[in-house]
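Undergrad: You'll find protein.cif just under this line, and it carries mmCIF, C-alpha atoms.
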data_protein
#
loop_
_atom_site.group_PDB
_atom_site.id
_atom_site.type_symbol
_atom_site.label_atom_id
_atom_site.label_comp_id
_atom_site.auth_asym_id
_atom_site.auth_seq_id
_atom_site.Cartn_x
_atom_site.Cartn_y
_atom_site.Cartn_z
ATOM 1 C CA MET O 246 -50.768 94.085 111.590
ATOM 2 C CA GLY O 247 -47.638 96.169 112.126
ATOM 3 C CA SER O 248 -45.649 96.148 115.349
ATOM 4 C CA ALA O 249 -46.931 99.635 116.248
ATOM 5 C CA ASN O 250 -50.529 98.454 115.871
ATOM 6 C CA LYS O 251 -49.799 95.301 117.881
ATOM 7 C CA GLN O 252 -48.306 97.384 120.687
ATOM 8 C CA ALA O 253 -51.288 99.759 120.591
ATOM 9 C CA THR O 254 -53.643 96.771 120.862
ATOM 10 C CA LYS O 255 -51.710 95.407 123.842
ATOM 11 C CA GLU O 256 -51.685 98.802 125.571
ATOM 12 C CA ASN O 257 -55.423 99.168 124.963
ATOM 13 C CA LEU O 258 -56.072 95.725 126.445
ATOM 14 C CA ILE O 259 -54.101 96.589 129.568
ATOM 15 C CA ASP O 260 -55.820 99.962 129.998
ATOM 16 C CA VAL O 261 -59.238 98.336 129.631
ATOM 17 C CA GLY O 262 -58.183 95.635 132.081
ATOM 18 C CA VAL O 263 -57.202 98.155 134.756
ATOM 19 C CA GLY O 264 -60.663 99.717 134.637
ATOM 20 C CA LEU O 265 -62.608 96.461 134.517
ATOM 21 C CA ILE O 266 -60.646 94.635 137.209
ATOM 22 C CA ARG O 267 -60.775 97.674 139.508
ATOM 23 C CA HIS O 268 -64.528 97.907 139.029
ATOM 24 C CA SER O 269 -65.596 94.254 138.956
ATOM 25 C CA GLY O 270 -62.679 92.274 140.383
ATOM 26 C CA TYR O 271 -60.435 89.658 138.825
ATOM 27 C CA THR O 272 -62.785 86.680 138.946
ATOM 28 C CA ALA O 273 -65.824 88.563 137.654
ATOM 29 C CA THR O 274 -63.902 90.061 134.743
ATOM 30 C CA GLY O 275 -64.006 87.565 131.905
ATOM 31 C CA ILE O 276 -61.834 87.561 128.815
ATOM 32 C CA ASN O 277 -64.893 88.056 126.589
ATOM 33 C CA GLN O 278 -65.797 91.139 128.627
ATOM 34 C CA ILE O 279 -62.268 92.498 128.168
ATOM 35 C CA LEU O 280 -62.388 91.831 124.416
ATOM 36 C CA GLU O 281 -65.768 93.514 124.064
ATOM 37 C CA ALA O 282 -64.647 96.596 125.992
ATOM 38 C CA ALA O 283 -61.380 96.776 124.009
ATOM 39 C CA GLN O 284 -63.243 96.072 120.748
ATOM 40 C CA ILE O 285 -60.767 93.472 119.511
ATOM 41 C CA PRO O 286 -61.081 89.826 118.398
ATOM 42 C CA LYS O 287 -60.324 86.948 120.758
ATOM 43 C CA GLY O 288 -57.130 85.954 118.960
ATOM 44 C CA SER O 289 -55.625 89.340 119.746
ATOM 45 C CA PHE O 290 -55.818 88.672 123.469
ATOM 46 C CA TYR O 291 -53.971 85.363 123.245
ATOM 47 C CA HIS O 292 -51.431 86.850 120.876
ATOM 48 C CA HIS O 293 -50.299 89.136 123.716
ATOM 49 C CA PHE O 294 -51.113 87.103 126.854
ATOM 50 C CA ALA O 295 -50.913 83.334 127.250
ATOM 51 C CA THR O 296 -53.245 83.327 130.272
ATOM 52 C CA LYS O 297 -55.530 85.603 132.240
ATOM 53 C CA ASP O 298 -53.003 85.532 135.095
ATOM 54 C CA GLU O 299 -50.304 86.859 132.771
ATOM 55 C CA PHE O 300 -52.725 89.606 131.767
ATOM 56 C CA ALA O 301 -53.365 90.402 135.456
ATOM 57 C CA LEU O 302 -49.630 90.857 136.004
ATOM 58 C CA ALA O 303 -49.538 93.431 133.179
ATOM 59 C CA VAL O 304 -52.580 95.186 134.676
ATOM 60 C CA ILE O 305 -50.906 95.387 138.097
ATOM 61 C CA GLN O 306 -47.765 96.786 136.482
ATOM 62 C CA ARG O 307 -49.747 99.466 134.625
ATOM 63 C CA TYR O 308 -51.710 100.456 137.722
ATOM 64 C CA THR O 309 -48.506 100.594 139.784
ATOM 65 C CA GLU O 310 -46.763 102.766 137.192
ATOM 66 C CA GLY O 311 -49.631 105.250 137.328
ATOM 67 C CA GLU O 312 -49.614 105.368 141.113
ATOM 68 C CA ASN O 313 -45.815 105.715 141.162
ATOM 69 C CA GLU O 314 -46.110 108.738 138.896
ATOM 70 C CA ARG O 315 -48.629 110.232 141.310
ATOM 71 C CA TRP O 316 -46.434 109.934 144.389
ATOM 72 C CA LYS O 317 -43.308 111.031 142.550
ATOM 73 C CA ARG O 318 -45.108 114.149 141.357
ATOM 74 C CA VAL O 319 -46.458 115.021 144.816
ATOM 75 C CA PHE O 320 -43.663 113.876 147.125
ATOM 76 C CA ASN O 321 -40.972 115.672 145.148
ATOM 77 C CA ASP O 322 -42.648 119.074 145.240
ATOM 78 C CA PRO O 323 -39.844 121.296 146.605
ATOM 79 C CA GLU O 324 -42.238 124.149 147.412
ATOM 80 C CA ALA O 325 -44.020 122.272 150.196
ATOM 81 C CA SER O 326 -42.832 120.577 153.359
ATOM 82 C CA PRO O 327 -42.591 116.764 153.317
ATOM 83 C CA LEU O 328 -45.619 116.367 155.597
ATOM 84 C CA GLU O 329 -47.622 118.838 153.494
ATOM 85 C CA ASN O 330 -46.696 116.811 150.412
ATOM 86 C CA LEU O 331 -47.789 113.607 152.136
ATOM 87 C CA ARG O 332 -51.112 115.103 153.237
ATOM 88 C CA ARG O 333 -51.715 116.441 149.723
ATOM 89 C CA TYR O 334 -50.945 113.010 148.323
ATOM 90 C CA PHE O 335 -53.603 111.288 150.425
ATOM 91 C CA LYS O 336 -56.093 114.078 149.706
ATOM 92 C CA ASP O 337 -55.427 113.483 146.016
ATOM 93 C CA LEU O 338 -56.090 109.761 146.484
ATOM 94 C CA ILE O 339 -59.412 110.530 148.179
ATOM 95 C CA ALA O 340 -60.365 112.916 145.373
ATOM 96 C CA THR O 341 -59.422 110.305 142.765
ATOM 97 C CA TYR O 342 -60.797 107.148 144.361
ATOM 98 C CA GLY O 343 -63.458 108.514 146.713
ATOM 99 C CA LEU O 344 -67.193 108.733 146.135
ATOM 100 C CA LYS O 345 -67.064 111.995 144.137
ATOM 101 C CA SER O 346 -65.314 110.227 141.270
ATOM 102 C CA GLY O 347 -67.950 107.478 141.037
ATOM 103 C CA PRO O 348 -68.675 104.321 143.040
ATOM 104 C CA ILE O 349 -65.816 103.488 145.398
ATOM 105 C CA THR O 350 -64.103 100.443 143.927
ATOM 106 C CA GLY O 351 -61.072 100.406 146.196
ATOM 107 C CA CYS O 352 -57.369 100.074 145.478
ATOM 108 C CA LEU O 353 -56.574 97.550 142.758
ATOM 109 C CA LEU O 354 -53.588 96.284 144.760
ATOM 110 C CA GLY O 355 -55.715 95.748 147.847
ATOM 111 C CA ASN O 356 -58.565 94.172 145.896
ATOM 112 C CA LEU O 357 -56.293 91.673 144.158
ATOM 113 C CA SER O 358 -54.507 90.920 147.431
ATOM 114 C CA LEU O 359 -57.837 89.860 148.916
ATOM 115 C CA GLU O 360 -59.096 88.067 145.829
ATOM 116 C CA VAL O 361 -56.216 86.122 144.268
ATOM 117 C CA ALA O 362 -52.895 86.630 146.081
ATOM 118 C CA ALA O 363 -53.342 83.581 148.316
ATOM 119 C CA GLN O 364 -53.818 81.292 145.308
ATOM 120 C CA ASN O 365 -51.222 82.739 142.937
ATOM 121 C CA PRO O 366 -47.610 83.141 144.147
ATOM 122 C CA GLU O 367 -46.550 85.111 141.056
ATOM 123 C CA ILE O 368 -49.322 87.678 141.461
ATOM 124 C CA ARG O 369 -48.615 87.784 145.208
ATOM 125 C CA ALA O 370 -44.938 88.573 144.549
ATOM 126 C CA VAL O 371 -45.793 91.416 142.150
ATOM 127 C CA LEU O 372 -48.327 92.850 144.592
ATOM 128 C CA ARG O 373 -45.787 92.708 147.407
ATOM 129 C CA GLN O 374 -43.220 94.489 145.247
ATOM 130 C CA ALA O 375 -45.759 97.224 144.445
ATOM 131 C CA PHE O 376 -46.673 97.686 148.106
ATOM 132 C CA ASP O 377 -42.989 97.713 149.117
ATOM 133 C CA GLY O 378 -42.153 100.441 146.583
ATOM 134 C CA TRP O 379 -45.084 102.570 147.716
ATOM 135 C CA GLN O 380 -44.231 102.100 151.389
ATOM 136 C CA GLN O 381 -40.574 102.985 150.729
ATOM 137 C CA ALA O 382 -41.586 106.222 148.996
ATOM 138 C CA ILE O 383 -43.670 107.215 152.022
ATOM 139 C CA ALA O 384 -40.839 106.261 154.403
ATOM 140 C CA ASP O 385 -38.408 108.419 152.415
ATOM 141 C CA THR O 386 -40.824 111.354 152.669
ATOM 142 C CA LEU O 387 -41.082 110.822 156.428
ATOM 143 C CA ARG O 388 -37.276 110.767 156.681
ATOM 144 C CA ARG O 389 -37.199 114.180 155.024
ATOM 145 C CA ALA O 390 -39.813 115.348 157.520
ATOM 146 C CA ILE O 391 -37.568 114.186 160.389
ATOM 147 C CA GLU O 392 -34.582 115.970 158.829
ATOM 148 C CA ARG O 393 -36.640 119.182 158.648
ATOM 149 C CA GLN O 394 -37.786 118.681 162.248
ATOM 150 C CA GLU O 395 -41.420 118.276 161.251
ATOM 151 C CA LEU O 396 -41.399 114.944 163.090
ATOM 152 C CA SER O 397 -39.553 113.796 166.178
ATOM 153 C CA LYS O 398 -36.079 112.395 165.536
ATOM 154 C CA ASN O 399 -37.253 109.336 167.487
ATOM 155 C CA ALA O 400 -39.956 108.583 164.915
ATOM 156 C CA ASN O 401 -39.449 105.381 162.950
ATOM 157 C CA PRO O 402 -40.174 106.257 159.299
ATOM 158 C CA ASP O 403 -40.317 102.639 158.118
ATOM 159 C CA ASP O 404 -42.850 101.594 160.760
ATOM 160 C CA LEU O 405 -44.892 104.762 160.242
ATOM 161 C CA ALA O 406 -44.939 104.203 156.478
ATOM 162 C CA ALA O 407 -46.067 100.587 156.929
ATOM 163 C CA PHE O 408 -48.813 101.721 159.286
ATOM 164 C CA LEU O 409 -49.995 104.406 156.854
ATOM 165 C CA VAL O 410 -50.138 101.993 153.904
ATOM 166 C CA ASN O 411 -51.913 99.334 155.958
ATOM 167 C CA SER O 412 -54.372 101.827 157.424
ATOM 168 C CA TRP O 413 -55.105 103.371 154.031
ATOM 169 C CA GLU O 414 -55.811 99.945 152.546
ATOM 170 C CA GLY O 415 -58.139 99.119 155.435
ATOM 171 C CA ALA O 416 -59.920 102.452 155.000
ATOM 172 C CA GLN O 417 -60.333 101.669 151.283
ATOM 173 C CA VAL O 418 -61.982 98.325 152.056
ATOM 174 C CA ARG O 419 -64.341 99.951 154.554
ATOM 175 C CA ALA O 420 -65.164 102.828 152.172
ATOM 176 C CA LYS O 421 -65.871 100.301 149.427
ATOM 177 C CA SER O 422 -68.245 98.310 151.639
ATOM 178 C CA GLU O 423 -70.058 101.415 152.896
ATOM 179 C CA GLN O 424 -69.842 103.454 149.667
ATOM 180 C CA ASN O 425 -68.926 106.652 151.471
ATOM 181 C CA ASN O 426 -65.757 108.619 152.133
ATOM 182 C CA GLU O 427 -65.946 108.638 155.919
ATOM 183 C CA PRO O 428 -63.313 105.910 156.465
ATOM 184 C CA LEU O 429 -60.963 107.774 154.113
ATOM 185 C CA THR O 430 -61.435 111.146 155.779
ATOM 186 C CA LEU O 431 -61.082 109.532 159.228
ATOM 187 C CA PHE O 432 -57.791 108.015 158.068
ATOM 188 C CA LEU O 433 -56.596 111.438 156.891
ATOM 189 C CA GLU O 434 -57.618 113.213 160.093
ATOM 190 C CA PHE O 435 -56.072 110.625 162.411
ATOM 191 C CA ALA O 436 -52.889 110.233 160.371
ATOM 192 C CA PHE O 437 -52.066 113.930 160.245
ATOM 193 C CA ASN O 438 -53.762 115.370 163.320
ATOM 194 C CA VAL O 439 -52.698 112.619 165.721
ATOM 195 C CA LEU O 440 -50.108 110.159 164.403
ATOM 196 C CA LEU O 441 -47.885 112.608 162.484
ATOM 197 C CA LYS O 442 -48.549 115.695 164.563
ATOM 198 C CA SER O 443 -45.233 117.326 165.433
#
Would you put the structure from the file into structure tokens?
TA:
Amino acid sequence: MGSANKQATKENLIDVGVGLIRHSGYTATGINQILEAAQIPKGSFYHHFATKDEFALAVIQRYTEGENERWKRVFNDPEASPLENLRRYFKDLIATYGLKSGPITGCLLGNLSLEVAAQNPEIRAVLRQAFDGWQQAIADTLRRAIERQELSKNANPDDLAAFLVNSWEGAQVRAKSEQNNEPLTLFLEFAFNVLLKS
């Protein structure tokens, strides 16, 4: 197998893993299930990943890259105000991960934080890094909103960003348990009509 084919196999494994782990969780997703979904032999998995935990780290990285692309695309829209960009971003998350797109499975970062972070320091560190990058991007957007006088100059963008990330993750857990969008829409309404109202 050539290096291009090997890389394609690895990429396919990771893509399949993102979907399966988001849907079923880390523990419930077995290697045989991953192999069957990716349609590759068992040896191919262990050629690319020594352990399931190593595979999970690659899955987190892939998921984070996709989400980073989303916020970069939305937050850097020069046509809209920073707060409009932020609202559009969360609306996009609801449209992508809410009930209309299928059963609500929650945020992969949040799910893995609940399921395995306490037992695995390496996974915990990667999850923390992903959350920190996401929170920083929101804080930077809020700083631009303060500069444009959309928010009070006394607002603390870092604390607000942390609160938004934490509240969104909580809303995702509740939406997942109830299988409806109400916690997500309540988050959106409170965040922008109360917390970030100029």
Undergrad: Residues at most 10 Å from O:Gln278, counting all atoms listed in the file, excluding those fewer than 5 positions away in the same chain, as a list in words?
TA: Val261, Gly262, Leu265, Ala273, Ala283 and Gln284 of chain O
Undergrad: Given the file shown, determine the residues that the PyMOL selection byres ((chain O and resi 308-316) around 12) selects; report them as a PyMOL selection string.
TA: chain O and resi 259-264+266-267+301-307+317-322+327+330-338+341-342+352-355+357+371-383+385-386
Undergrad: Applying the PyMOL selection byres ((chain O and resi 350) around 6) to the file I just gave you, which residues come out? Please list them as a PyMOL selection string.
TA: chain O and resi 268+349+351+421
Undergrad: Write the residues of the preceding selection, restricted to C-alpha atoms, as a PDB file, in the frame of the given file.
TA:
ATOM      1  CA  HIS O 268     -64.528  97.907 139.029  1.00  0.00           C
ATOM      2  CA  ILE O 349     -65.816 103.488 145.398  1.00  0.00           C
ATOM      3  CA  GLY O 351     -61.072 100.406 146.196  1.00  0.00           C
ATOM      4  CA  LYS O 421     -65.871 100.301 149.427  1.00  0.00           C
TER       5      LYS O 421
END
Undergrad: What separation in Å, quoted to one decimal, exists between atom CA of O:Asn411 and atom CA of O:Lys297?
TA: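 Between these atoms lies a distance of 27.6 Å.
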Undergrad: Using all atoms listed in the file, can you tell me which of O:Ser326, O:Val439, O:Phe290, O:Gln364 comes closest to O:Arg389?
TA: O:Ser326
Undergrad: Just how far from atom CA of O:Ser346 is atom CA of O:Leu431, in Å to one decimal?
TA: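 Those two atoms sit 18.5 Å apart.
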Undergrad: Selected by the PyMOL selection byres ((chain O and resi 391) around 12) in the shown coordinates: which residues, as a list in words?
TA: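 Selected by the PyMOL selection byres ((chain O and resi 391) around 12) in this file: Ser326, Pro327, Leu328, Ala384, Asp385, Thr386, Leu387, Arg388, Arg389, Ala390, Glu392, Arg393, Gln394, Glu395, Leu396, Ser397, Lys398, Asn399, Ala400, Asn401, Pro402, Leu405, Leu441, Lys442 and Ser443 of chain O.
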Undergrad: Of the candidates O:His293, O:Asn277, O:Thr272, O:Leu409, which one gets nearest to O:Glu256 if we count only C-alpha atoms?
TA: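 Smallest distance to O:Glu256 is found for O:His293.
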Undergrad: Find the residues around O:Ser412 up to 10 Å (only C-alpha atoms counted), leave out those fewer than 4 positions away in its own chain, and share them as a count of residues only.
TA: 11
Undergrad: Quote the spacing between atom CA of O:Glu324 and atom CA of O:Ile339 in Å to one decimal place.
TA: 21.9 Å
Undergrad: I need the residue nearest O:Glu360 from this list: O:Gly288, O:Gly270, O:Glu427, O:Gly415. Use all atoms listed in the file for the distance.
TA: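 Among the listed residues, the smallest separation from O:Glu360 belongs to O:Gly270.
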Undergrad: (-59.5, 91.7, 120.5) in this file's frame - what residues fall within 10 Å of it? Use all atoms listed in the file and give the answer as a ChimeraX atom specification.
TA: /O:254-255,257-258,276-277,279-292
Undergrad: Taking every listed atom of stretch 288-301 of chain O and adding 8 Å to each side, what centre and edge lengths in Å (one decimal) does the axis-aligned box have, as AutoDock Vina command-line options?
TA:
--center_x -53.7 --center_y 86.9 --center_z 127.2 --size_x 22.8 --size_y 23.1 --size_z 32.5
Undergrad: Given all atoms listed in the file as the basis, pick out the residue of O:Glu434, O:Ala325, O:Gly347, O:Glu414 nearest to O:Leu359.
TA: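 Once distances to O:Leu359 are computed over all atoms listed in the file, the minimum belongs to O:Glu414.
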Undergrad: Which residue is closest to O:Asn365? Choose from O:Glu329, O:Glu299, O:Leu440, O:Gly275 and count all atoms listed in the file.
TA: O:Glu299
